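The data block below is final-v8.pdb; it holds PDB, C-alpha atoms.
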```
MODEL        1
ATOM      1  CA  MET A 184      -4.914  -8.197 -14.357
ATOM      2  CA  PHE A 185      -4.424 -10.863 -16.947
ATOM      3  CA  MET A 186      -5.996 -14.293 -16.991
ATOM      4  CA  ALA A 187      -4.375 -16.935 -19.146
ATOM      5  CA  ASP A 188      -5.439 -20.493 -19.778
ATOM      6  CA  ILE A 189      -2.326 -22.611 -20.207
ATOM      7  CA  ALA A 190      -2.876 -26.325 -20.802
ATOM      8  CA  SER A 191      -6.240 -26.107 -18.981
ATOM      9  CA  VAL A 192      -4.638 -24.348 -16.012
ATOM     10  CA  GLN A 193      -6.044 -20.887 -15.313
ATOM     11  CA  VAL A 194      -3.302 -18.454 -14.326
ATOM     12  CA  LEU A 195      -4.135 -14.982 -13.010
ATOM     13  CA  TYR A 196      -1.328 -12.412 -13.103
ATOM     14  CA  THR A 197      -1.634  -9.007 -11.558
ATOM     15  CA  GLY A 198       0.730  -6.178 -10.856
ATOM     16  CA  ASP A 199       0.705  -4.392  -7.523
ATOM     17  CA  TYR A 200      -2.756  -3.151  -6.627
ATOM     18  CA  SER A 201      -4.597  -1.453  -3.810
ATOM     19  CA  ARG A 202      -8.107  -1.908  -2.490
ATOM     20  CA  GLU A 203      -8.071   1.719  -1.344
ATOM     21  CA  GLU A 204      -8.708   4.658  -3.643
ATOM     22  CA  ASP A 205      -5.932   7.241  -3.840
ATOM     23  CA  CYS A 206      -5.498  10.620  -5.522
ATOM     24  CA  HIS A 207      -5.267   9.321  -9.056
ATOM     25  CA  LEU A 208      -6.471   5.725  -9.121
ATOM     26  CA  CYS A 209      -9.669   3.964  -8.173
ATOM     27  CA  ALA A 210      -9.564   1.035  -5.819
ATOM     28  CA  VAL A 211      -9.127  -2.284  -7.572
ATOM     29  CA  GLU A 212     -12.249  -4.250  -8.317
ATOM     30  CA  ILE A 213     -11.629  -7.874  -7.478
ATOM     31  CA  PRO A 214     -13.116 -10.048 -10.225
ATOM     32  CA  GLN A 215     -15.066 -13.145  -9.271
ATOM     33  CA  LEU A 216     -12.496 -15.620 -10.581
ATOM     34  CA  SER A 217     -11.157 -18.894  -9.294
ATOM     35  CA  PRO A 218      -7.737 -19.302 -10.922
ATOM     36  CA  ASP A 219      -5.633 -22.372 -10.344
ATOM     37  CA  ILE A 220      -2.536 -20.202  -9.968
ATOM     38  CA  CYS A 221      -2.366 -16.567  -8.915
ATOM     39  CA  ILE A 222       0.798 -14.495  -9.384
ATOM     40  CA  ILE A 223       0.714 -11.108  -7.636
ATOM     41  CA  GLU A 224       3.469  -8.496  -7.586
ATOM     42  CA  SER A 225       3.294  -6.791  -4.224
ATOM     43  CA  THR A 226       5.452  -4.010  -2.882
ATOM     44  CA  TYR A 227       3.863  -3.945   0.553
ATOM     45  CA  GLY A 228       2.412  -7.429   0.803
ATOM     46  CA  VAL A 229       0.350  -7.852   3.930
ATOM     47  CA  GLN A 230       1.502  -4.693   5.695
ATOM     48  CA  LEU A 231      -1.207  -2.638   7.318
ATOM     49  CA  HIS A 232      -1.093   1.080   6.616
ATOM     50  CA  GLN A 233      -2.540   4.039   8.419
ATOM     51  CA  PRO A 234      -5.564   5.585   6.705
ATOM     52  CA  GLN A 235      -4.674   7.678   3.658
ATOM     53  CA  ASN A 236      -5.790  10.962   5.223
ATOM     54  CA  VAL A 237      -3.487  10.344   8.216
ATOM     55  CA  ARG A 238      -0.523   9.554   5.932
ATOM     56  CA  GLU A 239      -1.183  12.631   3.778
ATOM     57  CA  LYS A 240      -1.521  14.882   6.814
ATOM     58  CA  ARG A 241       1.806  13.603   8.222
ATOM     59  CA  PHE A 242       3.493  13.953   4.815
ATOM     60  CA  THR A 243       2.337  17.537   4.263
ATOM     61  CA  TYR A 244       3.076  18.501   7.876
ATOM     62  CA  VAL A 245       6.701  17.378   7.594
ATOM     63  CA  ILE A 246       7.138  19.215   4.295
ATOM     64  CA  HIS A 247       5.453  22.386   5.532
ATOM     65  CA  SER A 248       7.420  22.469   8.787
ATOM     66  CA  THR A 249      10.701  21.834   6.955
ATOM     67  CA  ILE A 250      10.022  24.684   4.497
ATOM     68  CA  SER A 251       8.891  26.977   7.342
ATOM     69  CA  GLN A 252      12.264  26.422   9.007
ATOM     70  CA  GLY A 253      14.115  27.376   5.821
ATOM     71  CA  GLY A 254      14.801  23.825   4.708
ATOM     72  CA  CYS A 255      14.395  22.066   1.383
ATOM     73  CA  VAL A 256      12.731  18.733   0.735
ATOM     74  CA  LEU A 257      13.910  16.059  -1.690
ATOM     75  CA  ILE A 258      11.533  13.168  -2.279
ATOM     76  CA  LEU A 259      12.638  10.129  -4.224
ATOM     77  CA  ALA A 260       9.734   8.379  -5.895
ATOM     78  CA  PHE A 261      10.798   5.619  -8.229
ATOM     79  CA  ALA A 262       7.331   4.469  -9.282
ATOM     80  CA  LEU A 263       5.409   6.645 -11.712
ATOM     81  CA  GLY A 264       2.122   6.140  -9.854
ATOM     82  CA  ARG A 265       3.697   7.144  -6.558
ATOM     83  CA  ALA A 266       5.219  10.253  -8.151
ATOM     84  CA  GLN A 267       1.834  11.231  -9.583
ATOM     85  CA  GLU A 268       0.118  10.746  -6.242
ATOM     86  CA  LEU A 269       2.694  12.828  -4.357
ATOM     87  CA  ILE A 270       2.511  15.630  -6.922
ATOM     88  CA  LEU A 271      -1.288  15.693  -6.684
ATOM     89  CA  ILE A 272      -1.164  15.764  -2.866
ATOM     90  CA  LEU A 273       1.348  18.611  -2.892
ATOM     91  CA  ASP A 274      -0.548  20.518  -5.578
ATOM     92  CA  GLU A 275      -3.748  20.392  -3.526
ATOM     93  CA  TYR A 276      -1.898  21.327  -0.332
ATOM     94  CA  TRP A 277      -0.194  24.279  -2.065
ATOM     95  CA  SER A 278      -3.546  25.536  -3.408
ATOM     96  CA  ASN A 279      -5.006  25.422   0.120
ATOM     97  CA  HIS A 280      -2.006  27.265   1.632
ATOM     98  CA  PRO A 281      -1.405  30.477  -0.353
ATOM     99  CA  LYS A 282       1.736  31.311   1.667
ATOM    100  CA  LEU A 283       3.423  28.386  -0.085
ATOM    101  CA  ASN A 284       2.624  29.624  -3.607
ATOM    102  CA  ASN A 285       6.079  31.200  -3.935
ATOM    103  CA  ILE A 286       7.741  27.855  -3.103
ATOM    104  CA  PRO A 287       8.262  25.899  -6.333
ATOM    105  CA  ILE A 288       7.764  22.175  -6.680
ATOM    106  CA  TYR A 289      10.186  20.518  -9.088
ATOM    107  CA  TYR A 290      10.128  16.964 -10.316
ATOM    108  CA  ALA A 291      12.854  15.433 -12.409
ATOM    109  CA  SER A 292      10.885  12.869 -14.338
ATOM    110  CA  PRO A 293       9.980  13.619 -17.940
ATOM    111  CA  LEU A 294       7.506  10.719 -17.874
ATOM    112  CA  ALA A 295       5.770  11.996 -14.717
ATOM    113  CA  LYS A 296       5.631  15.470 -16.253
ATOM    114  CA  ARG A 297       3.954  14.104 -19.407
ATOM    115  CA  CYS A 298       1.501  12.029 -17.361
ATOM    116  CA  MET A 299       0.570  15.009 -15.203
ATOM    117  CA  HIS A 300      -0.033  17.058 -18.358
ATOM    118  CA  ILE A 301      -2.258  14.357 -19.831
ATOM    119  CA  SER A 302      -4.236  13.933 -16.606
ATOM    120  CA  SER A 303      -4.925  17.677 -16.466
ATOM    121  CA  LEU A 304      -6.537  17.727 -19.931
TER     122      LEU A 304
ENDMDL
END
```
For the file at hand, write its structure as structure tokens.
Amino acid sequence: MFMADIASVQVLYTGDYSREEDCHLCAVEIPQLSPDICIIESTYGVQLHQPQNVREKRFTYVIHSTISQGGCVLILAFALGRAQELILILDEYWSNHPKLNNIPIYYASPLAKRCMHISSL
């Protein structure tokens, strides 16, 4: 978040954020500010989501059942944070299901690969 004072007008700018913790980021802490103008980038806006554990369970179930039936899964994740979260979810799921250890997980993002390396240090 960035707060700017422009001609005595306080402007708060924030990228997309979540008030729920996920696999790689803490929940946002809302500062006690009273800006005159607030600019918020929001992918999901006011949509309500199922709890994270329900979404993860559904996600891993679909992947596991697809693989069990001989299929392959391609997941497009355009945001770096989303790619990191999905990789962490799959990594944990794979470690809890040894039968999947021979199934490789590939990701075609050099930036995601570097970020995952850094986060594992």
In terms of the shortest atom-to-atom distance over only C-alpha atoms, which of A:Tyr290, A:Leu273, A:Thr243, A:Asn284 is closest to A:Leu259?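 That would be A:Tyr290, the residue with the smallest distance to A:Leu259.
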Would you work out the distance separating atom CA of A:Met186 from atom CA of A:Glu212, expressed in Å to one decimal? 14.7 Å
If you apply the PyMOL selection byres ((chain A and resi 287) around 12) to this file, what residues do you get, as a ChimeraX atom specification? /A:250,255-256,270,273-274,277,282-286,288-290
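If you look at atom CA of A:Ala262 and atom CA of A:Glu224, they are 13.6 Å away from each other.
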Nearest residue to A:Asp219 out of A:Ala187, A:Leu231, A:Leu271, A:Val245, using all atoms listed in the file?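 Ranking A:Ala187, A:Leu231, A:Leu271, A:Val245 by distance to A:Asp219, first place goes to A:Ala187.
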Quick one: pull the distance between atom CA of A:His232 and atom CA of A:His247, Å, one decimal. 22.3 Å
Which residues, written as a list of chain:residue names, have at least one atom at most 8 Å from stretch 192-199 of chain A, with all atoms listed in the file counted and residues fewer than 3 positions away on the same chain left out?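 In the requested format, the answer is A:Met184, A:Phe185, A:Met186, A:Ala187, A:Asp188, A:Ile189, A:Pro218, A:Asp219, A:Ile220, A:Cys221, A:Ile222, A:Ile223, A:Glu224, A:Ser225, A:Thr226.
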Quick one: what's the axis-aligned box for stretch 236-248 of chain A, all listed atoms, 4 Å on every side, centre and edges in Å to one decimal, as lines of an AutoDock Vina configuration file?
```
center_x = 0.8
center_y = 16.0
center_z = 6.3
size_x = 21.2
size_y = 20.9
size_z = 13.0
```
Within 12 Å of (0.5, 13.3, -3.9) (coordinates as in the file), grab all the protein and nucleic acid residues, counting all atoms listed in the file, and write them out as a ChimeraX atom specification. /A:205-208,235-236,238-240,242-243,258,260,263-277,288,299
